[in-house]
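Presented below is the structure to which this report refers.
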Amino acid sequence: MNGQLTWETLPWHIIVDIFSYLPINDRIQARLTCSSWSNCFHDRKLWRHFNFHFDTELDPDASALTFLHHHLSHLQSISISLNQAQPLSRQRACQLMDVLVKEMRNRLYGFSIRFTGENPLCFNDPALVLAVKNLLQNVKDDARAESTLLSVDLNGFDLTLDDHMVQIISTKHNFLRKVCIQNHCLVDNINSHSIVDLLESCPYLEELHTFYHSVDSAVVDVMSLPNRKAPFRFLSLSCNRSDKFYNLISSQSWMRLTMAHPTLEVTLSFHQSFPHHLINEVLAENMPLVKLNLKIFGWLTDELMQVRNYLSSKLRSLSFSTNVDPLVSAPPGLEPVLVELVECCDHLQELHCHCVLHEEVISQIKSTRELQHFTLYSHQDCFGSRN
């Protein structure tokens, strides 16, 4: 029919938009359809924000590397995903970062790297860590905030991070808005003095993901200074076994920080290795807590009571586990405290309770709050009726 759109007559920008949703392998195949689609494949919009995915099972030939040299001038934000269990994928990721250091002429706005596979036993790859450091140390920068690295995300890079990595980030990129150095490696060597240097060197920093023991009173003092160029709006802290060797953040420090940054939001997660007896000390009054993940296998009645009493005003998301086996019933006394906590949390949108609750408790929670996302299950949900 006349005037009807077909694949042959689709406007350029629509084809480019469709291409943007395709994995690189499918994009490469689609470009062979016709010359018009081939031209769309090379559109700079598709290469400004690019995810290089290295996995020999999904992409044996690392297809993206084939076109890297043709589109270096378009790259502005780079994300690297790699299966760290595959030596060839790790090698290709290092190769990519080496090319970026040597040949990339334009400035980079964002960089992230994450693992997608399972860590091999006693996994360690100094070459990969060195490649990341080398890239962050040599990526171009200048004095204009609009032409500089704004975001570094190493949250999914599960190798030991250290002060030297943070030093490179802070000394080379003073206009950073977001820094994520909170991975899932149980060993880290990031001390509070490195975070102080980061905050002092990056006055525009608005979002920080790090480890709880990397934040102390000195860090709070620097974050609270009135001469920062931008308000601090988001702080994510991960608590693990290393925290037992460090001082905890007091309620007075949290008050000072929230007075300096009234819109600050904090998320807090506890690894199962964290000492149980210290949880309530970490859950200090005046913390502007919006998300809490208690992955602690033990009775959490006192901890939920602490949240109810002091940290419920801004809480939007709560997740907790009381046992390695999620089909174990809630500990005695937990259910009434949980109901009271839900009643106190006016902004609660998400609740994930990984233990068996009574049907009436679940009904009461659902009638109290209109949750957008939840994990709530009873004995009946798990095992069905028994004759």
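Residue numbers start at 1 in each chain; chains themselves are named A, B, ... in the order of the structure tokens; ligands are numbered from 1 in the order shown.
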Report as a PDB file with all heavy atoms, in the first residue's frame all protein, DNA and RNA residues lying within 8 Å of segment 190-198 of chain A, evaluated on only C-alpha atoms, omitting residues in the same chain fewer than 3 positions from it.
ATOM      1  N   LEU A 161      40.487  -4.820  45.561  1.00  0.00           N
ATOM      2  CA  LEU A 161      40.755  -3.408  45.299  1.00  0.00           C
ATOM      3  C   LEU A 161      41.632  -2.862  46.416  1.00  0.00           C
ATOM      4  O   LEU A 161      41.577  -3.329  47.551  1.00  0.00           O
ATOM      5  CB  LEU A 161      39.443  -2.627  45.225  1.00  0.00           C
ATOM      6  CG  LEU A 161      38.444  -3.114  44.173  1.00  0.00           C
ATOM      7  CD1 LEU A 161      37.161  -2.299  44.238  1.00  0.00           C
ATOM      8  CD2 LEU A 161      39.039  -3.053  42.777  1.00  0.00           C
ATOM      9  N   ASP A 162      42.429  -1.839  46.100  1.00  0.00           N
ATOM     10  CA  ASP A 162      43.354  -1.315  47.102  1.00  0.00           C
ATOM     11  C   ASP A 162      43.431   0.207  47.037  1.00  0.00           C
ATOM     12  O   ASP A 162      42.800   0.858  46.201  1.00  0.00           O
ATOM     13  CB  ASP A 162      44.752  -1.932  46.925  1.00  0.00           C
ATOM     14  CG  ASP A 162      45.329  -1.717  45.534  1.00  0.00           C
ATOM     15  OD1 ASP A 162      44.833  -0.835  44.804  1.00  0.00           O
ATOM     16  OD2 ASP A 162      46.284  -2.429  45.168  1.00  0.00           O
ATOM     17  N   ASP A 163      44.227   0.767  47.955  1.00  0.00           N
ATOM     18  CA  ASP A 163      44.377   2.216  48.028  1.00  0.00           C
ATOM     19  C   ASP A 163      44.974   2.796  46.749  1.00  0.00           C
ATOM     20  O   ASP A 163      44.648   3.920  46.364  1.00  0.00           O
ATOM     21  CB  ASP A 163      45.270   2.588  49.221  1.00  0.00           C
ATOM     22  CG  ASP A 163      44.585   2.338  50.549  1.00  0.00           C
ATOM     23  OD1 ASP A 163      43.343   2.403  50.593  1.00  0.00           O
ATOM     24  OD2 ASP A 163      45.282   2.067  51.543  1.00  0.00           O
ATOM     25  N   VAL A 166      42.246   3.546  44.255  1.00  0.00           N
ATOM     26  CA  VAL A 166      41.497   4.748  44.624  1.00  0.00           C
ATOM     27  C   VAL A 166      42.343   6.000  44.396  1.00  0.00           C
ATOM     28  O   VAL A 166      41.828   7.036  43.969  1.00  0.00           O
ATOM     29  CB  VAL A 166      41.032   4.660  46.090  1.00  0.00           C
ATOM     30  CG1 VAL A 166      40.238   5.905  46.482  1.00  0.00           C
ATOM     31  CG2 VAL A 166      40.191   3.410  46.311  1.00  0.00           C
ATOM     32  N   GLN A 167      43.637   5.894  44.668  1.00  0.00           N
ATOM     33  CA  GLN A 167      44.539   7.038  44.455  1.00  0.00           C
ATOM     34  C   GLN A 167      44.565   7.435  42.983  1.00  0.00           C
ATOM     35  O   GLN A 167      44.523   8.634  42.649  1.00  0.00           O
ATOM     36  CB  GLN A 167      45.945   6.687  44.932  1.00  0.00           C
ATOM     37  CG  GLN A 167      46.944   7.821  44.769  1.00  0.00           C
ATOM     38  CD  GLN A 167      48.364   7.399  45.124  1.00  0.00           C
ATOM     39  OE1 GLN A 167      48.669   6.214  45.164  1.00  0.00           O
ATOM     40  NE2 GLN A 167      49.218   8.368  45.386  1.00  0.00           N
ATOM     41  N   ILE A 169      42.196   6.926  40.770  1.00  0.00           N
ATOM     42  CA  ILE A 169      40.893   7.513  40.450  1.00  0.00           C
ATOM     43  C   ILE A 169      40.812   8.957  40.928  1.00  0.00           C
ATOM     44  O   ILE A 169      40.363   9.850  40.205  1.00  0.00           O
ATOM     45  CB  ILE A 169      39.764   6.671  41.080  1.00  0.00           C
ATOM     46  CG1 ILE A 169      39.719   5.283  40.433  1.00  0.00           C
ATOM     47  CG2 ILE A 169      38.417   7.380  40.935  1.00  0.00           C
ATOM     48  CD1 ILE A 169      38.758   4.324  41.113  1.00  0.00           C
ATOM     49  N   SER A 170      41.250   9.199  42.149  1.00  0.00           N
ATOM     50  CA  SER A 170      41.076  10.524  42.746  1.00  0.00           C
ATOM     51  C   SER A 170      42.035  11.563  42.181  1.00  0.00           C
ATOM     52  O   SER A 170      41.666  12.732  42.024  1.00  0.00           O
ATOM     53  CB  SER A 170      41.238  10.436  44.267  1.00  0.00           C
ATOM     54  OG  SER A 170      42.529   9.964  44.615  1.00  0.00           O
ATOM     55  N   THR A 171      43.261  11.175  41.879  1.00  0.00           N
ATOM     56  CA  THR A 171      44.246  12.165  41.419  1.00  0.00           C
ATOM     57  C   THR A 171      44.109  12.488  39.938  1.00  0.00           C
ATOM     58  O   THR A 171      44.506  13.575  39.500  1.00  0.00           O
ATOM     59  CB  THR A 171      45.675  11.664  41.687  1.00  0.00           C
ATOM     60  OG1 THR A 171      45.873  10.388  41.072  1.00  0.00           O
ATOM     61  CG2 THR A 171      45.920  11.546  43.182  1.00  0.00           C
ATOM     62  N   SER A 201      39.732  15.462  46.532  1.00  0.00           N
ATOM     63  CA  SER A 201      40.154  15.683  45.147  1.00  0.00           C
ATOM     64  C   SER A 201      38.980  15.829  44.192  1.00  0.00           C
ATOM     65  O   SER A 201      39.125  16.391  43.102  1.00  0.00           O
ATOM     66  CB  SER A 201      41.037  14.519  44.674  1.00  0.00           C
ATOM     67  OG  SER A 201      42.187  14.382  45.487  1.00  0.00           O
ATOM     68  N   CYS A 202      37.823  15.298  44.596  1.00  0.00           N
ATOM     69  CA  CYS A 202      36.646  15.287  43.714  1.00  0.00           C
ATOM     70  C   CYS A 202      35.490  16.024  44.380  1.00  0.00           C
ATOM     71  O   CYS A 202      34.569  15.397  44.923  1.00  0.00           O
ATOM     72  CB  CYS A 202      36.244  13.859  43.379  1.00  0.00           C
ATOM     73  SG  CYS A 202      37.572  12.873  42.661  1.00  0.00           S
ATOM     74  N   HIS A 213      33.933  -0.090  56.517  1.00  0.00           N
ATOM     75  CA  HIS A 213      35.139   0.249  57.268  1.00  0.00           C
ATOM     76  C   HIS A 213      36.013   1.291  56.569  1.00  0.00           C
ATOM     77  O   HIS A 213      36.989   1.758  57.153  1.00  0.00           O
ATOM     78  CB  HIS A 213      35.964  -1.016  57.558  1.00  0.00           C
ATOM     79  CG  HIS A 213      36.420  -1.737  56.315  1.00  0.00           C
ATOM     80  ND1 HIS A 213      35.784  -2.867  55.840  1.00  0.00           N
ATOM     81  CD2 HIS A 213      37.418  -1.493  55.455  1.00  0.00           C
ATOM     82  CE1 HIS A 213      36.395  -3.292  54.761  1.00  0.00           C
ATOM     83  NE2 HIS A 213      37.393  -2.464  54.490  1.00  0.00           N
ATOM     84  N   SER A 214      35.654   1.651  55.333  1.00  0.00           N
ATOM     85  CA  SER A 214      36.393   2.703  54.632  1.00  0.00           C
ATOM     86  C   SER A 214      35.874   4.098  54.975  1.00  0.00           C
ATOM     87  O   SER A 214      36.430   5.096  54.523  1.00  0.00           O
ATOM     88  CB  SER A 214      36.294   2.499  53.113  1.00  0.00           C
ATOM     89  OG  SER A 214      36.837   1.255  52.734  1.00  0.00           O
ATOM     90  N   VAL A 215      34.817   4.146  55.769  1.00  0.00           N
ATOM     91  CA  VAL A 215      34.221   5.427  56.161  1.00  0.00           C
ATOM     92  C   VAL A 215      34.344   5.586  57.675  1.00  0.00           C
ATOM     93  O   VAL A 215      33.844   4.767  58.434  1.00  0.00           O
ATOM     94  CB  VAL A 215      32.739   5.497  55.746  1.00  0.00           C
ATOM     95  CG1 VAL A 215      32.107   6.810  56.194  1.00  0.00           C
ATOM     96  CG2 VAL A 215      32.610   5.337  54.235  1.00  0.00           C
ATOM     97  N   ASP A 216      35.040   6.639  58.099  1.00  0.00           N
ATOM     98  CA  ASP A 216      35.167   6.919  59.533  1.00  0.00           C
ATOM     99  C   ASP A 216      34.846   8.390  59.778  1.00  0.00           C
ATOM    100  O   ASP A 216      34.334   9.094  58.897  1.00  0.00           O
ATOM    101  CB  ASP A 216      36.563   6.550  60.049  1.00  0.00           C
ATOM    102  CG  ASP A 216      37.680   7.308  59.335  1.00  0.00           C
ATOM    103  OD1 ASP A 216      37.367   8.252  58.568  1.00  0.00           O
ATOM    104  OD2 ASP A 216      38.854   6.968  59.550  1.00  0.00           O
ATOM    105  N   ALA A 218      36.762  10.944  60.020  1.00  0.00           N
ATOM    106  CA  ALA A 218      37.494  11.850  59.130  1.00  0.00           C
ATOM    107  C   ALA A 218      36.793  11.960  57.772  1.00  0.00           C
ATOM    108  O   ALA A 218      36.719  13.044  57.176  1.00  0.00           O
ATOM    109  CB  ALA A 218      38.936  11.366  58.947  1.00  0.00           C
ATOM    110  N   VAL A 219      36.279  10.834  57.278  1.00  0.00           N
ATOM    111  CA  VAL A 219      35.540  10.842  56.008  1.00  0.00           C
ATOM    112  C   VAL A 219      34.266  11.667  56.154  1.00  0.00           C
ATOM    113  O   VAL A 219      33.925  12.484  55.293  1.00  0.00           O
ATOM    114  CB  VAL A 219      35.212   9.398  55.580  1.00  0.00           C
ATOM    115  CG1 VAL A 219      34.286   9.409  54.367  1.00  0.00           C
ATOM    116  CG2 VAL A 219      36.486   8.629  55.266  1.00  0.00           C
ATOM    117  N   VAL A 222      34.986  15.400  56.042  1.00  0.00           N
ATOM    118  CA  VAL A 222      35.232  15.925  54.699  1.00  0.00           C
ATOM    119  C   VAL A 222      33.927  15.989  53.906  1.00  0.00           C
ATOM    120  O   VAL A 222      33.669  16.968  53.187  1.00  0.00           O
ATOM    121  CB  VAL A 222      36.267  15.046  53.961  1.00  0.00           C
ATOM    122  CG1 VAL A 222      36.428  15.513  52.515  1.00  0.00           C
ATOM    123  CG2 VAL A 222      37.608  15.097  54.675  1.00  0.00           C
TER     124      VAL A 222
END
*Just asking: which residues within segment 1-114 of chain A are strand (DSSP E) according to DSSP, as number ranges by chain?*
A: 49-54, 77-82, 110-114
Just the selected residues (N, CA and C atoms), exported as a PDB file, in the first residue's frame, please.
ATOM      1  N   HIS A  49      27.989   4.727  23.679  1.00  0.00           N
ATOM      2  CA  HIS A  49      27.901   3.991  24.943  1.00  0.00           C
ATOM      3  C   HIS A  49      27.870   2.511  24.594  1.00  0.00           C
ATOM      4  N   PHE A  50      29.023   1.861  24.758  1.00  0.00           N
ATOM      5  CA  PHE A  50      29.142   0.501  24.227  1.00  0.00           C
ATOM      6  C   PHE A  50      29.539  -0.487  25.311  1.00  0.00           C
ATOM      7  N   ASN A  51      28.880  -1.663  25.270  1.00  0.00           N
ATOM      8  CA  ASN A  51      29.185  -2.744  26.193  1.00  0.00           C
ATOM      9  C   ASN A  51      29.966  -3.830  25.456  1.00  0.00           C
ATOM     10  N   PHE A  52      31.216  -3.993  25.821  1.00  0.00           N
ATOM     11  CA  PHE A  52      32.031  -5.068  25.274  1.00  0.00           C
ATOM     12  C   PHE A  52      31.827  -6.300  26.150  1.00  0.00           C
ATOM     13  N   HIS A  53      31.233  -7.349  25.575  1.00  0.00           N
ATOM     14  CA  HIS A  53      30.914  -8.554  26.331  1.00  0.00           C
ATOM     15  C   HIS A  53      31.833  -9.676  25.856  1.00  0.00           C
ATOM     16  N   PHE A  54      32.692 -10.139  26.758  1.00  0.00           N
ATOM     17  CA  PHE A  54      33.641 -11.190  26.415  1.00  0.00           C
ATOM     18  C   PHE A  54      33.231 -12.493  27.085  1.00  0.00           C
ATOM     19  N   SER A  77      31.440   6.254  26.493  1.00  0.00           N
ATOM     20  CA  SER A  77      31.217   5.503  27.719  1.00  0.00           C
ATOM     21  C   SER A  77      31.400   4.021  27.417  1.00  0.00           C
ATOM     22  N   ILE A  78      32.210   3.343  28.234  1.00  0.00           N
ATOM     23  CA  ILE A  78      32.564   1.958  27.952  1.00  0.00           C
ATOM     24  C   ILE A  78      32.210   1.077  29.140  1.00  0.00           C
ATOM     25  N   SER A  79      31.524  -0.024  28.836  1.00  0.00           N
ATOM     26  CA  SER A  79      31.230  -1.039  29.843  1.00  0.00           C
ATOM     27  C   SER A  79      31.819  -2.361  29.364  1.00  0.00           C
ATOM     28  N   ILE A  80      32.565  -3.018  30.235  1.00  0.00           N
ATOM     29  CA  ILE A  80      33.175  -4.307  29.908  1.00  0.00           C
ATOM     30  C   ILE A  80      32.547  -5.380  30.783  1.00  0.00           C
ATOM     31  N   SER A  81      31.970  -6.393  30.141  1.00  0.00           N
ATOM     32  CA  SER A  81      31.451  -7.563  30.841  1.00  0.00           C
ATOM     33  C   SER A  81      32.252  -8.770  30.378  1.00  0.00           C
ATOM     34  N   LEU A  82      32.780  -9.543  31.315  1.00  0.00           N
ATOM     35  CA  LEU A  82      33.583 -10.684  30.914  1.00  0.00           C
ATOM     36  C   LEU A  82      33.384 -11.868  31.836  1.00  0.00           C
ATOM     37  N   GLY A 110      32.433   7.682  30.951  1.00  0.00           N
ATOM     38  CA  GLY A 110      32.090   6.643  31.917  1.00  0.00           C
ATOM     39  C   GLY A 110      32.839   5.359  31.641  1.00  0.00           C
ATOM     40  N   PHE A 111      33.183   4.646  32.722  1.00  0.00           N
ATOM     41  CA  PHE A 111      33.865   3.356  32.583  1.00  0.00           C
ATOM     42  C   PHE A 111      33.348   2.404  33.647  1.00  0.00           C
ATOM     43  N   SER A 112      33.025   1.178  33.219  1.00  0.00           N
ATOM     44  CA  SER A 112      32.641   0.140  34.173  1.00  0.00           C
ATOM     45  C   SER A 112      33.161  -1.200  33.684  1.00  0.00           C
ATOM     46  N   ILE A 113      33.412  -2.086  34.637  1.00  0.00           N
ATOM     47  CA  ILE A 113      33.844  -3.443  34.313  1.00  0.00           C
ATOM     48  C   ILE A 113      33.230  -4.383  35.340  1.00  0.00           C
ATOM     49  N   ARG A 114      32.712  -5.517  34.849  1.00  0.00           N
ATOM     50  CA  ARG A 114      32.087  -6.472  35.768  1.00  0.00           C
ATOM     51  C   ARG A 114      32.308  -7.892  35.281  1.00  0.00           C
TER      52      ARG A 114
END
_I'd like the neighbourhood of segment 259-269 of chain A as an MDAnalysis selection string, where a residue qualifies if any of its atoms comes within 6 Å (using only C-alpha atoms), though same-chain residues fewer than 6 positions away should be ignored._
chainID A and resid 224 233:238 288:293
Just the selected residues (C-alpha atoms), exported as a PDB file, in the first residue's frame, please.
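Result saved to again07.pdb:
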ATOM      1  CA  SER A 224      30.206  17.548  55.633  1.00  0.00           C
ATOM      2  CA  ARG A 233      23.113  12.542  47.517  1.00  0.00           C
ATOM      3  CA  PHE A 234      23.843   8.794  47.712  1.00  0.00           C
ATOM      4  CA  LEU A 235      26.082   6.579  49.862  1.00  0.00           C
ATOM      5  CA  SER A 236      26.104   2.791  49.636  1.00  0.00           C
ATOM      6  CA  LEU A 237      27.961   0.859  52.345  1.00  0.00           C
ATOM      7  CA  SER A 238      28.758  -2.846  52.499  1.00  0.00           C
ATOM      8  CA  PRO A 288      19.143   8.413  56.387  1.00  0.00           C
ATOM      9  CA  LEU A 289      18.613   4.750  55.527  1.00  0.00           C
ATOM     10  CA  VAL A 290      16.489   3.977  52.446  1.00  0.00           C
ATOM     11  CA  LYS A 291      17.538   0.385  51.734  1.00  0.00           C
ATOM     12  CA  LEU A 292      18.679  -2.391  54.082  1.00  0.00           C
ATOM     13  CA  ASN A 293      19.815  -5.904  53.206  1.00  0.00           C
TER      14      ASN A 293
END
Would you kindly return, as a PDB file with C-alpha atoms, in the first residue's frame, each protein, DNA or RNA residue with an atom no farther than 8 Å from any atom of segment 341-353 of chain A, considering only C-alpha atoms and excluding same-chain residues fewer than 3 positions away?
ATOM      1  CA  LEU A 304      14.377  -5.247  63.171  1.00  0.00           C
ATOM      2  CA  MET A 305      13.307  -3.606  66.401  1.00  0.00           C
ATOM      3  CA  VAL A 307      15.197  -0.317  62.576  1.00  0.00           C
ATOM      4  CA  ARG A 308      11.605   0.177  63.723  1.00  0.00           C
ATOM      5  CA  SER A 312      11.968   3.659  59.717  1.00  0.00           C
ATOM      6  CA  SER A 313      11.209   7.202  58.554  1.00  0.00           C
ATOM      7  CA  LYS A 314      12.900   6.946  55.116  1.00  0.00           C
ATOM      8  CA  LEU A 315      13.169   3.188  54.617  1.00  0.00           C
ATOM      9  CA  ARG A 316      11.886   2.077  51.199  1.00  0.00           C
ATOM     10  CA  SER A 317      13.398  -1.386  50.859  1.00  0.00           C
ATOM     11  CA  LEU A 318      14.068  -4.173  53.393  1.00  0.00           C
ATOM     12  CA  SER A 319      15.456  -7.647  52.762  1.00  0.00           C
ATOM     13  CA  PHE A 320      16.574 -10.170  55.379  1.00  0.00           C
ATOM     14  CA  SER A 321      17.429 -13.832  55.834  1.00  0.00           C
ATOM     15  CA  VAL A 337       8.128  -6.883  65.311  1.00  0.00           C
ATOM     16  CA  LEU A 338       8.049  -7.160  61.521  1.00  0.00           C
ATOM     17  CA  ILE A 365       1.494  -6.794  56.028  1.00  0.00           C
ATOM     18  CA  THR A 368      -0.923  -2.254  55.804  1.00  0.00           C
ATOM     19  CA  ARG A 369       1.339  -1.376  52.859  1.00  0.00           C
ATOM     20  CA  GLU A 370       0.834  -1.505  49.116  1.00  0.00           C
ATOM     21  CA  LEU A 371       4.206  -3.053  48.302  1.00  0.00           C
ATOM     22  CA  GLN A 372       5.530  -2.819  44.752  1.00  0.00           C
ATOM     23  CA  HIS A 373       7.858  -5.809  45.187  1.00  0.00           C
ATOM     24  CA  PHE A 374       7.803  -8.424  47.916  1.00  0.00           C
ATOM     25  CA  THR A 375       8.847 -11.931  48.925  1.00  0.00           C
ATOM     26  CA  LEU A 376       6.418 -13.239  51.517  1.00  0.00           C
TER      27      LEU A 376
END
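Proximity to Arg92 of chain A was assessed for A:Thr56, A:Ile249, A:Leu72, A:Lys366 counting only C-alpha atoms; the smallest distance is recorded for A:Thr56.
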*When DSSP works through the backbone of this structure, what residues of segment 167-322 of chain A end up as alpha helix (DSSP H), shown as a VMD selection string?*
chain A and resid 167 to 172 192 to 201 217 to 223 251 to 260 279 to 282 301 to 310
*Could you please determine the separation between atom CA of Ala330 of chain A and atom CA of His354 of chain A in Å, to one decimal place?*
8.7 Å
*Write out as a ChimeraX atom specification each polymer residue whose atoms come within 8 Å of Ile181 of chain A, counting only C-alpha atoms; drop sequence neighbours fewer than 2 positions from it.*
/A:153-155,161,179,183,208-211
Contacts of His276 of chain A at 10 Å or less, counting only C-alpha atoms, minus same-chain residues fewer than 2 places along, as a PDB file with N, CA and C atoms, in the first residue's frame?
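Saved result, around_3.pdb, follows:
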ATOM      1  N   ARG A 241      33.282  -8.870  57.313  1.00  0.00           N
ATOM      2  CA  ARG A 241      34.006  -9.267  58.513  1.00  0.00           C
ATOM      3  C   ARG A 241      35.130  -8.312  58.887  1.00  0.00           C
ATOM      4  N   PHE A 270      24.629  -6.144  54.696  1.00  0.00           N
ATOM      5  CA  PHE A 270      25.451  -6.931  55.617  1.00  0.00           C
ATOM      6  C   PHE A 270      25.741  -8.293  55.009  1.00  0.00           C
ATOM      7  N   GLN A 272      27.062 -12.185  55.378  1.00  0.00           N
ATOM      8  CA  GLN A 272      26.865 -13.178  56.438  1.00  0.00           C
ATOM      9  C   GLN A 272      28.073 -13.329  57.348  1.00  0.00           C
ATOM     10  N   SER A 273      29.241 -12.854  56.903  1.00  0.00           N
ATOM     11  CA  SER A 273      30.443 -12.951  57.732  1.00  0.00           C
ATOM     12  C   SER A 273      30.538 -11.834  58.767  1.00  0.00           C
ATOM     13  N   PHE A 274      29.640 -10.845  58.677  1.00  0.00           N
ATOM     14  CA  PHE A 274      29.698  -9.726  59.611  1.00  0.00           C
ATOM     15  C   PHE A 274      29.327 -10.189  61.022  1.00  0.00           C
ATOM     16  N   LEU A 278      27.456  -6.809  66.378  1.00  0.00           N
ATOM     17  CA  LEU A 278      27.752  -5.415  66.042  1.00  0.00           C
ATOM     18  C   LEU A 278      26.685  -4.779  65.143  1.00  0.00           C
ATOM     19  N   ILE A 279      25.703  -5.551  64.705  1.00  0.00           N
ATOM     20  CA  ILE A 279      24.737  -5.034  63.733  1.00  0.00           C
ATOM     21  C   ILE A 279      24.003  -3.808  64.264  1.00  0.00           C
ATOM     22  N   ASN A 280      23.501  -3.903  65.488  1.00  0.00           N
ATOM     23  CA  ASN A 280      22.730  -2.779  66.025  1.00  0.00           C
ATOM     24  C   ASN A 280      23.575  -1.533  66.222  1.00  0.00           C
ATOM     25  N   ILE A 296      22.074 -12.036  57.041  1.00  0.00           N
ATOM     26  CA  ILE A 296      22.651 -12.584  58.258  1.00  0.00           C
ATOM     27  C   ILE A 296      21.817 -13.794  58.677  1.00  0.00           C
ATOM     28  N   PHE A 297      22.449 -14.941  58.792  1.00  0.00           N
ATOM     29  CA  PHE A 297      21.711 -16.141  59.131  1.00  0.00           C
ATOM     30  C   PHE A 297      21.640 -16.291  60.644  1.00  0.00           C
ATOM     31  N   GLY A 298      20.622 -15.680  61.226  1.00  0.00           N
ATOM     32  CA  GLY A 298      20.436 -15.731  62.672  1.00  0.00           C
ATOM     33  C   GLY A 298      19.148 -15.003  63.047  1.00  0.00           C
ATOM     34  N   TRP A 299      18.795 -15.059  64.314  1.00  0.00           N
ATOM     35  CA  TRP A 299      17.605 -14.362  64.778  1.00  0.00           C
ATOM     36  C   TRP A 299      17.829 -12.860  64.656  1.00  0.00           C
ATOM     37  N   LEU A 300      16.897 -12.177  64.013  1.00  0.00           N
ATOM     38  CA  LEU A 300      17.061 -10.753  63.728  1.00  0.00           C
ATOM     39  C   LEU A 300      15.985  -9.902  64.389  1.00  0.00           C
ATOM     40  N   GLU A 303      17.367  -6.656  65.790  1.00  0.00           N
ATOM     41  CA  GLU A 303      17.819  -5.770  64.721  1.00  0.00           C
ATOM     42  C   GLU A 303      16.634  -5.094  64.023  1.00  0.00           C
TER      43      GLU A 303
END
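Between atom CA of Glu118 of chain A and atom CA of Ala85 of chain A lies a distance of 6.0 Å.
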